[in-house]
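S.K.: Next up, entry-v2.json (JSON, C-alpha atoms).
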```json
[["chain", "number", "residue", "atom", "x", "y", "z"],
["G", 7, "MET", "CA", 200.14, 263.63, 180.55],
["G", 8, "THR", "CA", 199.02, 260.51, 178.76],
["G", 9, "ASP", "CA", 195.90, 260.96, 176.63],
["G", 10, "PHE", "CA", 193.99, 257.87, 177.78],
["G", 11, "THR", "CA", 191.05, 258.64, 175.49],
["G", 12, "ALA", "CA", 193.30, 258.63, 172.43],
["G", 13, "THR", "CA", 194.97, 255.43, 173.61],
["G", 14, "MET", "CA", 191.59, 253.73, 173.94],
["G", 15, "ARG", "CA", 190.57, 254.89, 170.47],
["G", 16, "ARG", "CA", 193.74, 253.48, 168.93],
["G", 17, "ALA", "CA", 193.22, 250.17, 170.74],
["G", 18, "ALA", "CA", 189.60, 249.98, 169.56],
["G", 19, "ALA", "CA", 190.68, 250.72, 166.00],
["G", 20, "ALA", "CA", 193.24, 247.92, 166.17],
["G", 21, "GLY", "CA", 190.53, 245.53, 167.33],
["G", 22, "ARG", "CA", 188.21, 246.56, 164.50],
["G", 23, "ALA", "CA", 191.01, 245.81, 162.05],
["G", 24, "LEU", "CA", 190.60, 242.10, 162.79],
["G", 25, "PRO", "CA", 188.71, 240.56, 159.87],
["G", 26, "ASP", "CA", 184.98, 239.91, 160.06],
["G", 27, "SER", "CA", 184.02, 236.30, 159.62],
["G", 28, "MET", "CA", 182.03, 235.94, 156.42],
["G", 29, "ALA", "CA", 180.85, 232.43, 157.31],
["G", 30, "ILE", "CA", 177.39, 231.54, 158.62],
["G", 31, "PHE", "CA", 175.57, 228.39, 159.71],
["G", 32, "ASP", "CA", 174.34, 226.11, 156.94],
["G", 33, "THR", "CA", 170.77, 227.21, 157.69],
["G", 34, "GLY", "CA", 171.75, 230.87, 158.06],
["G", 35, "GLY", "CA", 172.70, 233.18, 160.90],
["G", 36, "ALA", "CA", 175.95, 234.03, 162.65],
["G", 37, "TYR", "CA", 175.29, 232.56, 166.10],
["G", 38, "ARG", "CA", 173.31, 229.99, 168.04],
["G", 39, "ILE", "CA", 172.66, 229.67, 171.77],
["G", 40, "GLU", "CA", 173.76, 226.58, 173.66],
["G", 41, "ILE", "CA", 172.72, 225.74, 177.20],
["G", 42, "PRO", "CA", 175.27, 223.30, 178.65],
["G", 43, "SER", "CA", 175.03, 220.88, 181.59],
["G", 44, "VAL", "CA", 171.37, 220.06, 181.00],
["G", 45, "GLU", "CA", 171.44, 216.90, 183.09],
["G", 46, "GLY", "CA", 168.36, 214.86, 182.28],
["G", 47, "PRO", "CA", 165.03, 215.31, 180.49],
["G", 48, "GLU", "CA", 163.50, 217.16, 183.45],
["G", 49, "ALA", "CA", 166.29, 219.73, 183.22],
["G", 50, "PHE", "CA", 165.62, 219.98, 179.47],
["G", 51, "GLU", "CA", 161.97, 220.71, 180.24],
["G", 52, "ALA", "CA", 163.11, 223.39, 182.70],
["G", 53, "VAL", "CA", 165.27, 224.95, 179.98],
["G", 54, "LEU", "CA", 162.34, 224.98, 177.55],
["G", 55, "ALA", "CA", 160.07, 226.62, 180.14],
["G", 56, "ALA", "CA", 162.70, 229.23, 180.98],
["G", 57, "SER", "CA", 163.33, 229.95, 177.29],
["G", 58, "ARG", "CA", 159.66, 230.86, 176.92],
["G", 59, "GLU", "CA", 159.74, 232.97, 180.09],
["G", 60, "TYR", "CA", 162.81, 234.95, 179.04],
["G", 61, "GLY", "CA", 162.17, 235.01, 175.31],
["G", 62, "VAL", "CA", 165.43, 233.21, 174.52],
["G", 63, "THR", "CA", 165.79, 230.97, 171.47],
["G", 64, "VAL", "CA", 167.74, 227.88, 172.51],
["G", 65, "HIS", "CA", 169.34, 226.08, 169.57],
["G", 66, "ARG", "CA", 171.29, 223.37, 171.40],
["G", 67, "ILE", "CA", 171.39, 221.77, 174.82],
["G", 68, "SER", "CA", 174.31, 219.63, 175.94],
["G", 69, "GLN", "CA", 174.84, 217.21, 178.80],
["G", 70, "GLY", "CA", 178.00, 216.30, 180.70],
["G", 71, "SER", "CA", 177.32, 213.29, 182.92],
["G", 72, "GLY", "CA", 177.40, 210.95, 179.97],
["G", 73, "ILE", "CA", 175.26, 208.66, 177.87],
["G", 74, "GLY", "CA", 176.21, 205.75, 180.11],
["G", 75, "GLN", "CA", 174.51, 207.47, 183.07],
["G", 76, "LEU", "CA", 171.15, 207.51, 181.29],
["G", 77, "LEU", "CA", 168.37, 204.93, 180.97],
["G", 78, "ASP", "CA", 167.14, 204.13, 177.46],
["G", 79, "ASP", "CA", 163.83, 205.84, 178.24],
["G", 80, "GLU", "CA", 165.66, 208.96, 179.41],
["G", 81, "ILE", "CA", 167.51, 209.17, 176.10],
["G", 82, "ARG", "CA", 164.23, 208.67, 174.25],
["G", 83, "HIS", "CA", 162.71, 211.50, 176.30],
["G", 84, "TYR", "CA", 165.61, 213.83, 175.40],
["G", 85, "VAL", "CA", 165.15, 212.90, 171.74],
["G", 86, "LYS", "CA", 161.40, 213.46, 171.81],
["G", 87, "LEU", "CA", 161.75, 216.91, 173.36],
["G", 88, "GLY", "CA", 164.47, 217.87, 170.91],
["G", 89, "ALA", "CA", 162.37, 216.80, 167.92],
["G", 90, "GLU", "CA", 159.26, 218.58, 169.18],
["G", 91, "HIS", "CA", 161.04, 221.86, 169.85],
["G", 92, "GLN", "CA", 163.70, 221.67, 167.10],
["G", 93, "VAL", "CA", 166.55, 221.84, 169.61],
["G", 94, "GLU", "CA", 169.80, 219.99, 169.00],
["G", 95, "VAL", "CA", 170.40, 217.45, 171.77],
["G", 96, "CYS", "CA", 174.08, 216.70, 172.39],
["G", 97, "LEU", "CA", 174.96, 214.04, 174.97],
["G", 98, "PHE", "CA", 178.45, 213.44, 176.33],
["G", 99, "VAL", "CA", 180.29, 210.16, 175.74],
["G", 100, "ALA", "CA", 181.63, 209.48, 179.21],
["G", 101, "LEU", "CA", 184.10, 206.80, 180.35],
["G", 102, "ARG", "CA", 186.38, 209.78, 180.98],
["G", 103, "ALA", "CA", 189.86, 208.98, 182.25],
["G", 104, "PRO", "CA", 189.41, 210.04, 185.91],
["G", 105, "TRP", "CA", 186.33, 207.82, 186.27],
["G", 106, "ASN", "CA", 187.19, 204.58, 184.53],
["G", 107, "GLY", "CA", 189.60, 202.79, 186.83],
["G", 108, "GLN", "CA", 193.03, 203.66, 185.40],
["G", 109, "GLY", "CA", 195.21, 205.04, 188.17],
["G", 110, "SER", "CA", 197.47, 207.04, 185.86],
["G", 111, "ALA", "CA", 194.72, 209.63, 185.30],
["G", 112, "LEU", "CA", 194.67, 210.32, 189.05],
["G", 113, "THR", "CA", 198.40, 210.92, 189.47],
["G", 114, "PRO", "CA", 199.77, 214.47, 189.92],
["G", 115, "ASP", "CA", 200.53, 214.73, 186.20],
["G", 116, "GLY", "CA", 197.59, 212.60, 185.07],
["G", 117, "GLY", "CA", 195.63, 215.67, 184.08],
["G", 118, "ILE", "CA", 197.30, 215.42, 180.69],
["G", 119, "TYR", "CA", 194.68, 212.77, 179.85],
["G", 120, "GLY", "CA", 191.78, 215.15, 180.39],
["G", 121, "TRP", "CA", 188.54, 213.27, 179.80],
["G", 122, "ARG", "CA", 189.96, 210.96, 177.16],
["G", 123, "HIS", "CA", 189.35, 207.19, 176.95],
["G", 124, "LEU", "CA", 192.31, 205.31, 178.38],
["G", 125, "THR", "CA", 192.88, 201.80, 176.98],
["G", 126, "LEU", "CA", 191.35, 200.13, 173.95],
["G", 127, "GLY", "CA", 188.61, 198.62, 176.09],
["G", 128, "THR", "CA", 187.22, 201.97, 177.26],
["G", 129, "LEU", "CA", 187.52, 203.39, 173.74],
["G", 130, "GLN", "CA", 185.44, 200.46, 172.45],
["G", 131, "ALA", "CA", 182.91, 200.96, 175.25],
["G", 132, "ALA", "CA", 182.67, 204.67, 174.39],
["G", 133, "PHE", "CA", 181.99, 203.86, 170.74],
["G", 134, "ASP", "CA", 179.33, 201.35, 171.79],
["G", 135, "GLU", "CA", 177.65, 204.15, 173.80],
["G", 136, "VAL", "CA", 177.44, 206.24, 170.64],
["G", 137, "VAL", "CA", 175.90, 203.35, 168.70],
["G", 138, "ARG", "CA", 173.32, 202.77, 171.43],
["G", 139, "ALA", "CA", 172.35, 206.45, 171.62],
["G", 140, "CYS", "CA", 172.00, 206.75, 167.84],
["G", 141, "GLU", "CA", 169.74, 203.68, 167.76],
["G", 142, "LEU", "CA", 167.56, 205.52, 170.28],
["G", 143, "GLY", "CA", 167.37, 208.57, 167.98],
["G", 144, "LEU", "CA", 170.24, 210.82, 169.10],
["G", 145, "ARG", "CA", 172.00, 212.80, 166.37],
["G", 146, "SER", "CA", 174.70, 214.76, 168.24],
["G", 147, "VAL", "CA", 177.44, 213.52, 170.57],
["G", 148, "LEU", "CA", 179.94, 215.37, 172.75],
["G", 149, "VAL", "CA", 183.41, 213.83, 172.77],
["G", 150, "SER", "CA", 186.82, 214.59, 174.24],
["G", 151, "ASP", "CA", 189.04, 211.95, 172.64],
["G", 152, "GLU", "CA", 190.75, 212.12, 169.24],
["G", 153, "GLY", "CA", 190.56, 208.36, 168.82],
["G", 154, "LEU", "CA", 186.80, 208.36, 169.30],
["G", 155, "ILE", "CA", 186.44, 211.21, 166.80],
["G", 156, "ALA", "CA", 188.26, 209.09, 164.23],
["G", 157, "LEU", "CA", 186.10, 206.02, 164.93],
["G", 158, "ILE", "CA", 182.83, 207.98, 164.71],
["G", 159, "SER", "CA", 183.91, 209.77, 161.56],
["G", 160, "GLN", "CA", 184.77, 206.48, 159.83],
["G", 161, "ALA", "CA", 181.51, 204.92, 161.03],
["G", 162, "ARG", "CA", 179.53, 207.78, 159.49],
["G", 163, "ILE", "CA", 181.26, 207.13, 156.18],
["G", 164, "ASN", "CA", 180.69, 203.38, 156.17],
["G", 165, "GLY", "CA", 177.10, 203.59, 157.39],
["G", 166, "THR", "CA", 177.59, 202.08, 160.85],
["G", 167, "LEU", "CA", 176.46, 205.41, 162.30],
["G", 168, "PRO", "CA", 174.05, 207.96, 160.76],
["G", 169, "ALA", "CA", 175.61, 210.26, 158.20],
["G", 170, "ASP", "CA", 173.95, 213.29, 159.83],
["G", 171, "LEU", "CA", 175.43, 212.62, 163.28],
["G", 172, "VAL", "CA", 177.17, 215.73, 164.70],
["G", 173, "ILE", "CA", 180.54, 215.33, 166.42],
["G", 174, "LYS", "CA", 181.00, 218.10, 168.99],
["G", 175, "VAL", "CA", 184.45, 218.32, 170.61],
["G", 176, "SER", "CA", 184.41, 219.13, 174.32],
["G", 177, "ALA", "CA", 186.29, 221.94, 176.03],
["G", 178, "MET", "CA", 187.92, 219.11, 178.00],
["G", 179, "ALA", "CA", 189.75, 217.99, 174.88],
["G", 180, "GLY", "CA", 192.06, 220.96, 175.37],
["G", 181, "ILE", "CA", 192.09, 222.47, 171.88],
["G", 182, "ALA", "CA", 195.18, 224.61, 172.33],
["G", 183, "ASN", "CA", 195.75, 226.35, 169.00],
["G", 184, "PRO", "CA", 194.30, 226.83, 165.49],
["G", 185, "VAL", "CA", 196.51, 224.18, 163.89],
["G", 186, "GLY", "CA", 195.27, 221.55, 166.34],
["G", 187, "ALA", "CA", 191.72, 222.73, 165.70],
["G", 188, "ARG", "CA", 192.20, 222.20, 161.97],
["G", 189, "LEU", "CA", 193.50, 218.68, 162.54],
["G", 190, "LEU", "CA", 190.34, 217.83, 164.49],
["G", 191, "SER", "CA", 188.00, 219.28, 161.87],
["G", 192, "ASP", "CA", 189.92, 217.52, 159.08],
["G", 193, "GLY", "CA", 189.46, 214.33, 161.12],
["G", 194, "GLY", "CA", 185.69, 214.67, 161.13],
["G", 195, "ALA", "CA", 184.80, 217.00, 164.02],
["G", 196, "ASP", "CA", 181.93, 219.33, 163.17],
["G", 197, "THR", "CA", 181.97, 221.78, 166.07],
["G", 198, "LEU", "CA", 184.87, 222.70, 168.36],
["G", 199, "ASN", "CA", 184.71, 224.04, 171.92],
["G", 200, "ILE", "CA", 187.78, 226.25, 172.25],
["G", 201, "SER", "CA", 189.00, 227.84, 175.48],
["G", 202, "SER", "CA", 186.73, 230.56, 176.81],
["G", 203, "ASP", "CA", 189.64, 232.89, 177.65],
["G", 204, "VAL", "CA", 190.87, 233.01, 174.05],
["G", 205, "ALA", "CA", 191.99, 236.50, 173.04],
["G", 206, "LEU", "CA", 190.09, 238.13, 170.19],
["G", 207, "GLY", "CA", 193.07, 238.03, 167.85],
["G", 208, "ASP", "CA", 193.52, 234.31, 168.49],
["G", 209, "LEU", "CA", 189.78, 233.80, 168.02],
["G", 210, "ALA", "CA", 190.09, 235.30, 164.54],
["G", 211, "ALA", "CA", 193.00, 232.92, 163.90],
["G", 212, "PHE", "CA", 190.88, 229.92, 164.90],
["G", 213, "ARG", "CA", 188.18, 231.05, 162.47],
["G", 214, "ALA", "CA", 190.72, 231.47, 159.68],
["G", 215, "ALA", "CA", 192.20, 228.02, 160.33],
["G", 216, "THR", "CA", 189.09, 225.84, 160.24],
["G", 217, "PRO", "CA", 185.64, 225.79, 158.65],
["G", 218, "ALA", "CA", 184.20, 224.00, 161.70],
["G", 219, "VAL", "CA", 181.62, 225.70, 163.88],
["G", 220, "LEU", "CA", 183.22, 227.17, 167.01],
["G", 221, "ASP", "CA", 181.74, 226.87, 170.52],
["G", 222, "LEU", "CA", 182.67, 229.34, 173.25],
["G", 223, "TYR", "CA", 181.62, 229.68, 176.87],
["G", 224, "ILE", "CA", 180.47, 233.26, 177.40],
["G", 225, "GLU", "CA", 180.27, 232.35, 181.07],
["G", 226, "GLY", "CA", 182.22, 229.28, 182.06],
["G", 227, "PRO", "CA", 182.07, 227.00, 185.10],
["G", 228, "ASP", "CA", 184.71, 227.50, 187.76],
["G", 229, "GLY", "CA", 186.48, 224.31, 186.72],
["G", 230, "LEU", "CA", 187.22, 225.90, 183.36],
["G", 231, "GLY", "CA", 188.29, 229.21, 184.87],
["G", 232, "GLY", "CA", 184.95, 230.88, 185.49],
["G", 233, "PHE", "CA", 185.59, 233.42, 182.74],
["G", 234, "MET", "CA", 182.82, 235.88, 181.80],
["G", 235, "ARG", "CA", 182.89, 237.40, 178.30],
["G", 236, "TYR", "CA", 179.60, 239.30, 178.11],
["G", 237, "HIS", "CA", 181.46, 242.53, 177.25],
["G", 238, "ASP", "CA", 183.05, 240.77, 174.23],
["G", 239, "LEU", "CA", 179.88, 239.25, 172.76],
["G", 240, "GLY", "CA", 179.64, 241.58, 169.78],
["G", 241, "GLU", "CA", 183.25, 240.99, 168.79],
["G", 242, "ILE", "CA", 183.00, 237.26, 169.40],
["G", 243, "VAL", "CA", 180.08, 236.99, 166.99],
["G", 244, "ARG", "CA", 181.81, 239.26, 164.45],
["G", 245, "LEU", "CA", 185.06, 237.32, 164.47],
["G", 246, "ALA", "CA", 183.99, 233.71, 165.13],
["G", 247, "ALA", "CA", 180.76, 233.18, 163.19],
["G", 248, "PRO", "CA", 179.33, 230.61, 162.92],
["G", 249, "VAL", "CA", 179.60, 230.27, 166.69],
["G", 250, "HIS", "CA", 177.65, 228.65, 169.52],
["G", 251, "LEU", "CA", 177.41, 231.02, 172.49],
["G", 252, "LYS", "CA", 177.46, 228.85, 175.61],
["G", 253, "PHE", "CA", 176.09, 230.06, 178.92],
["G", 254, "GLY", "CA", 177.42, 228.12, 181.86],
["G", 255, "LEU", "CA", 177.52, 229.26, 185.47],
["G", 256, "ARG", "CA", 180.34, 230.65, 187.53],
["G", 257, "ASN", "CA", 180.09, 230.00, 191.29],
["G", 258, "ALA", "CA", 177.91, 226.91, 190.91],
["G", 259, "PRO", "CA", 178.29, 223.44, 192.45],
["G", 260, "GLY", "CA", 179.56, 220.55, 190.37],
["G", 261, "ILE", "CA", 176.80, 218.22, 189.16],
["G", 262, "TYR", "CA", 178.65, 215.44, 187.30],
["G", 263, "PRO", "CA", 177.58, 212.68, 187.43],
["G", 264, "SER", "CA", 174.06, 213.93, 187.98],
["G", 265, "GLY", "CA", 171.07, 212.15, 189.51],
["G", 266, "GLN", "CA", 168.06, 212.52, 191.78],
["G", 267, "HIS", "CA", 170.32, 213.37, 194.71],
["G", 268, "LEU", "CA", 171.11, 216.66, 192.93],
["G", 269, "ALA", "CA", 167.71, 217.32, 191.38],
["G", 270, "GLY", "CA", 167.13, 220.71, 193.00],
["G", 271, "VAL", "CA", 170.51, 222.09, 191.97],
["G", 272, "VAL", "CA", 170.24, 220.62, 188.47],
["G", 273, "LEU", "CA", 166.84, 222.20, 187.77],
["G", 274, "ALA", "CA", 167.68, 225.57, 189.34],
["G", 275, "SER", "CA", 170.97, 225.83, 187.46],
["G", 276, "ALA", "CA", 169.29, 224.85, 184.18],
["G", 277, "ARG", "CA", 166.85, 227.73, 184.57],
["G", 278, "GLU", "CA", 169.61, 230.14, 185.58],
["G", 279, "ARG", "CA", 171.69, 229.27, 182.53],
["G", 280, "VAL", "CA", 168.79, 230.40, 180.34],
["G", 281, "ARG", "CA", 168.53, 233.63, 182.36],
["G", 282, "ARG", "CA", 172.26, 234.16, 181.76],
["G", 283, "ALA", "CA", 171.60, 233.68, 178.04],
["G", 284, "ALA", "CA", 168.90, 236.37, 178.21],
["G", 285, "ILE", "CA", 171.43, 238.70, 179.83],
["G", 286, "GLY", "CA", 173.87, 237.85, 177.06],
["G", 287, "MET", "CA", 171.35, 238.62, 174.35],
["G", 288, "GLU", "CA", 170.76, 242.08, 175.85],
["G", 289, "HIS", "CA", 174.52, 242.70, 175.80],
["G", 290, "LEU", "CA", 174.72, 241.52, 172.20],
["G", 291, "ALA", "CA", 171.85, 243.77, 171.15],
["G", 292, "ARG", "CA", 173.72, 246.78, 172.55],
["G", 293, "GLN", "CA", 177.07, 245.80, 171.08],
["G", 294, "ARG", "CA", 176.10, 244.43, 167.67],
["G", 295, "SER", "CA", 172.42, 245.03, 167.04],
["G", 296, "HIS", "CA", 172.50, 243.70, 163.48],
["G", 297, "ALA", "CA", 173.90, 240.28, 164.45],
["G", 298, "VAL", "CA", 171.59, 237.58, 163.10],
["G", 299, "ALA", "CA", 170.76, 234.41, 165.01],
["G", 300, "SER", "CA", 170.43, 231.10, 163.21],
["G", 301, "PRO", "CA", 166.75, 230.18, 162.77],
["G", 302, "LEU", "CA", 165.02, 227.21, 164.27],
["G", 303, "GLY", "CA", 163.20, 224.84, 161.95],
["G", 304, "GLU", "CA", 163.40, 221.51, 160.24],
["G", 305, "GLY", "CA", 166.59, 220.17, 158.75],
["G", 306, "ARG", "CA", 169.32, 221.32, 161.14],
["G", 307, "ARG", "CA", 171.94, 218.67, 161.79],
["G", 308, "GLY", "CA", 171.98, 217.38, 165.34],
["G", 309, "VAL", "CA", 168.26, 217.94, 165.87],
["G", 310, "PRO", "CA", 166.50, 214.63, 166.46],
["G", 311, "ARG", "CA", 164.04, 213.71, 163.70],
["G", 312, "ARG", "CA", 160.33, 213.50, 164.41],
["G", 313, "ALA", "CA", 159.09, 209.94, 164.76]]
```
Starting from the coordinates I provided, produce the structure as structure tokens.
M.R.:
Amino acid sequence: MTDFTATMRRAAAAGRALPDSMAIFDTGGAYRIEIPSVEGPEAFEAVLAASREYGVTVHRISQGSGIGQLLDDEIRHYVKLGAEHQVEVCLFVALRAPWNGQGSALTPDGGIYGWRHLTLGTLQAAFDEVVRACELGLRSVLVSDEGLIALISQARINGTLPADLVIKVSAMAGIANPVGARLLSDGGADTLNISSDVALGDLAAFRAATPAVLDLYIEGPDGLGGFMRYHDLGEIVRLAAPVHLKFGLRNAPGIYPSGQHLAGVVLASARERVRRAAIGMEHLARQRSHAVASPLGEGRRGVPRRA
């Protein structure tokens, strides 16, 4: 008869043989918490309230509807909240292929474009969105197009954009393997959202390939597979540090592009994402009790500066 207990022990030992990541965030700590799909300043306020209620430290919030779907005052409000609470505010650069009027993105095989910027005109418009947001105080942008990464990176070097601007690469960019990840980080990307179903061995390979911060959905939206990795949290932190642990929602309605017509869903889902993060932190405490979170405080890149 097969000794299943012995088999499990051998498998666990093989997993432990994967190398620990020795890297940490520039301000210390192995992991940070990101709450994604925070659609509007009111949703950000809901996240902050829920973080106090559940005792969760939120390091970064991100938004998916896009900078172009926000009023100037709404961006200023995001920035003000981020500065006051020392939370990185990362807004998506939209003009994604399925939205911007090019029919090829809507064909049966058009999914190859993901949320990239088709045509030079939309790429220029996307870059202009980044300039506008930075002038309003933003210091972190979420992108899904290699061309835009190159433009932003060069603009940071020549002073057109702030040198401390964070370039976060979206899961919708489809980072398929560690070599591609390294190309993006060499091209200027600071933080890379890799697929949430990545196997632990491949996760270690991503960490070995690039010095960039990794981002990983611990619970992903249905559109990205709806994967739930709570049982892997300890190993994810051990292998991938420095890593953003992202808490999305499976079985939740789509909210892009957001607006007042979806206000109830947006606010309720923002609060629930923080609750999911609290669940995740309890799992992590059981699996890897000595894992150290990155601290809040002045000086972290991507956090808006106080006026």
S.K.: Can you list every residue of stretch 17-80 of chain G that has an atom at most 12 Å from stretch 256-264 of chain G, with its nearest atom pair and the distance in Å to one decimal, using only C-alpha atoms, ordered by chain then number, as a tab-separated table?
M.R.:
```
residue	atom	partner	partner_atom	distance
G:Pro42	CA	G:Ile261	CA	11.8
G:Ser43	CA	G:Ile261	CA	8.2
G:Val44	CA	G:Ser264	CA	9.7
G:Glu45	CA	G:Ser264	CA	6.3
G:Gly46	CA	G:Ser264	CA	8.1
G:Pro47	CA	G:Ser264	CA	11.8
G:Glu48	CA	G:Ser264	CA	11.9
G:Ala49	CA	G:Ser264	CA	10.8
G:Gln69	CA	G:Tyr262	CA	9.5
G:Gly70	CA	G:Tyr262	CA	6.7
G:Ser71	CA	G:Pro263	CA	4.6
G:Gly72	CA	G:Pro263	CA	7.7
G:Ile73	CA	G:Pro263	CA	10.6
G:Gly74	CA	G:Pro263	CA	10.2
G:Gln75	CA	G:Pro263	CA	7.5
G:Leu76	CA	G:Ser264	CA	9.7
```
S.K.: Using all atoms listed in the file, list the residues that have an atom at most 12 Å from (166.1, 222.1, 156.4), coordinates as in the file, as a PyMOL selection string.
M.R.: chain G and resi 31-34+92+301-309+311
S.K.: Put those residues in a file: C-alpha atoms, as a compact mmCIF listing (two decimals), keeping the file's coordinate frame.
M.R.:
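Okay, this is what ended up in again-v4.txt:
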```txt
# COMPACT_ATOMS: atom_id res chain seq x y z
CA PHE G 31 175.57 228.39 159.71
CA ASP G 32 174.34 226.11 156.94
CA THR G 33 170.77 227.21 157.69
CA GLY G 34 171.75 230.87 158.06
CA GLN G 92 163.70 221.67 167.10
CA PRO G 301 166.75 230.18 162.77
CA LEU G 302 165.02 227.21 164.27
CA GLY G 303 163.20 224.84 161.95
CA GLU G 304 163.40 221.51 160.24
CA GLY G 305 166.59 220.17 158.75
CA ARG G 306 169.32 221.32 161.14
CA ARG G 307 171.94 218.67 161.79
CA GLY G 308 171.98 217.38 165.34
CA VAL G 309 168.26 217.94 165.87
CA ARG G 311 164.04 213.71 163.70
```
S.K.: Between G:Asp228, G:Glu59, G:Glu152, G:Glu40, which one has atoms that come closest to G:Glu94, using all atoms listed in the file?
M.R.: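 Closest to G:Glu94, using all atoms listed in the file: G:Glu40.
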S.K.: Using Å and a single decimal, report how far atom CA of G:His91 sits from atom CA of G:Ala132.
M.R.: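 Computed distance, atom CA of G:Ala132 to atom CA of G:His91, equals 28.0 Å.
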S.K.: With only C-alpha atoms as the counted atoms, please give the residues lying no more than 12 Å from G:Leu255, apart from itself and same-chain residues fewer than 3 positions off, as a ChimeraX atom specification.
M.R.: /G:41-44,223-234,252,258-261,271-272,274-283
S.K.: Considering only C-alpha atoms, can you say which of G:Val93, G:Ala36, G:Ala131, G:Leu144 comes closest to G:Glu80?
M.R.: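 For G:Glu80, the nearest of the given residues is G:Leu144.
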S.K.: In Å, how far is it from atom CA of G:Tyr60 to atom CA of G:Gly35?
M.R.: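 Computing it gives 20.7 Å between the two atoms.
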S.K.: For G:Leu157, which residue out of G:Leu273, G:Ala23, G:Leu126, G:Ala218 is the nearest one, using only C-alpha atoms?
M.R.: G:Leu126
S.K.: Closest to G:Leu142 among G:Gly207, G:His83, G:Trp121, G:Lys174, using all atoms listed in the file?
M.R.: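 Among the listed residues, G:His83 lies closest to G:Leu142.
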S.K.: Which residue is closest to G:Leu101? Choose from G:Ser150, G:Ser27, G:Ser57, G:Ser68 and count all atoms listed in the file.
M.R.: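 Among the listed residues, the smallest separation from G:Leu101 belongs to G:Ser150.
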S.K.: Select, counting all atoms listed in the file, all protein, DNA and RNA residues no farther than 8 Å from (182.6, 225.2, 168.5) in file coordinates, and express the selection as a VMD selection string.
M.R.: chain G and resid 174 to 175 196 to 200 218 to 222 249 to 250
S.K.: I need the chosen residues saved as a PDB file, in the frame of the given file, with C-alpha atoms.
M.R.:
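Listed below is the output, result_34.pdb:
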```pdb
ATOM      1  CA  LYS G 174     181.000 218.100 168.990  1.00  0.00           C
ATOM      2  CA  VAL G 175     184.450 218.320 170.610  1.00  0.00           C
ATOM      3  CA  ASP G 196     181.930 219.330 163.170  1.00  0.00           C
ATOM      4  CA  THR G 197     181.970 221.780 166.070  1.00  0.00           C
ATOM      5  CA  LEU G 198     184.870 222.700 168.360  1.00  0.00           C
ATOM      6  CA  ASN G 199     184.710 224.040 171.920  1.00  0.00           C
ATOM      7  CA  ILE G 200     187.780 226.250 172.250  1.00  0.00           C
ATOM      8  CA  ALA G 218     184.200 224.000 161.700  1.00  0.00           C
ATOM      9  CA  VAL G 219     181.620 225.700 163.880  1.00  0.00           C
ATOM     10  CA  LEU G 220     183.220 227.170 167.010  1.00  0.00           C
ATOM     11  CA  ASP G 221     181.740 226.870 170.520  1.00  0.00           C
ATOM     12  CA  LEU G 222     182.670 229.340 173.250  1.00  0.00           C
ATOM     13  CA  VAL G 249     179.600 230.270 166.690  1.00  0.00           C
ATOM     14  CA  HIS G 250     177.650 228.650 169.520  1.00  0.00           C
TER      15      HIS G 250
END
```
S.K.: So what do you get for atom CA of G:Gly193 versus atom CA of G:Pro217, distance-wise?
M.R.: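 Between atom CA of G:Gly193 and atom CA of G:Pro217 the gap works out to 12.3 Å.
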S.K.: Let me make sure I understand: among G:Val185, G:Ala299, G:Met178, G:Phe50, which one has the smallest atom-to-atom distance to G:Ser201 if we use all atoms listed in the file?
M.R.: G:Met178
S.K.: When you look at G:Glu90 with a cut-off of 10 Å (counting all atoms listed in the file), what residues show up, excluding the ones that are within fewer than 4 positions of it in the same chain? I need them as a PyMOL selection string.
M.R.: chain G and resi 85-86+309-313
S.K.: Output C-alpha atoms for every residue in that selection, as a PDB file, in the frame of the given file.
M.R.:
```pdb
ATOM      1  CA  VAL G  85     165.150 212.900 171.740  1.00  0.00           C
ATOM      2  CA  LYS G  86     161.400 213.460 171.810  1.00  0.00           C
ATOM      3  CA  VAL G 309     168.260 217.940 165.870  1.00  0.00           C
ATOM      4  CA  PRO G 310     166.500 214.630 166.460  1.00  0.00           C
ATOM      5  CA  ARG G 311     164.040 213.710 163.700  1.00  0.00           C
ATOM      6  CA  ARG G 312     160.330 213.500 164.410  1.00  0.00           C
ATOM      7  CA  ALA G 313     159.090 209.940 164.760  1.00  0.00           C
TER       8      ALA G 313
END
```
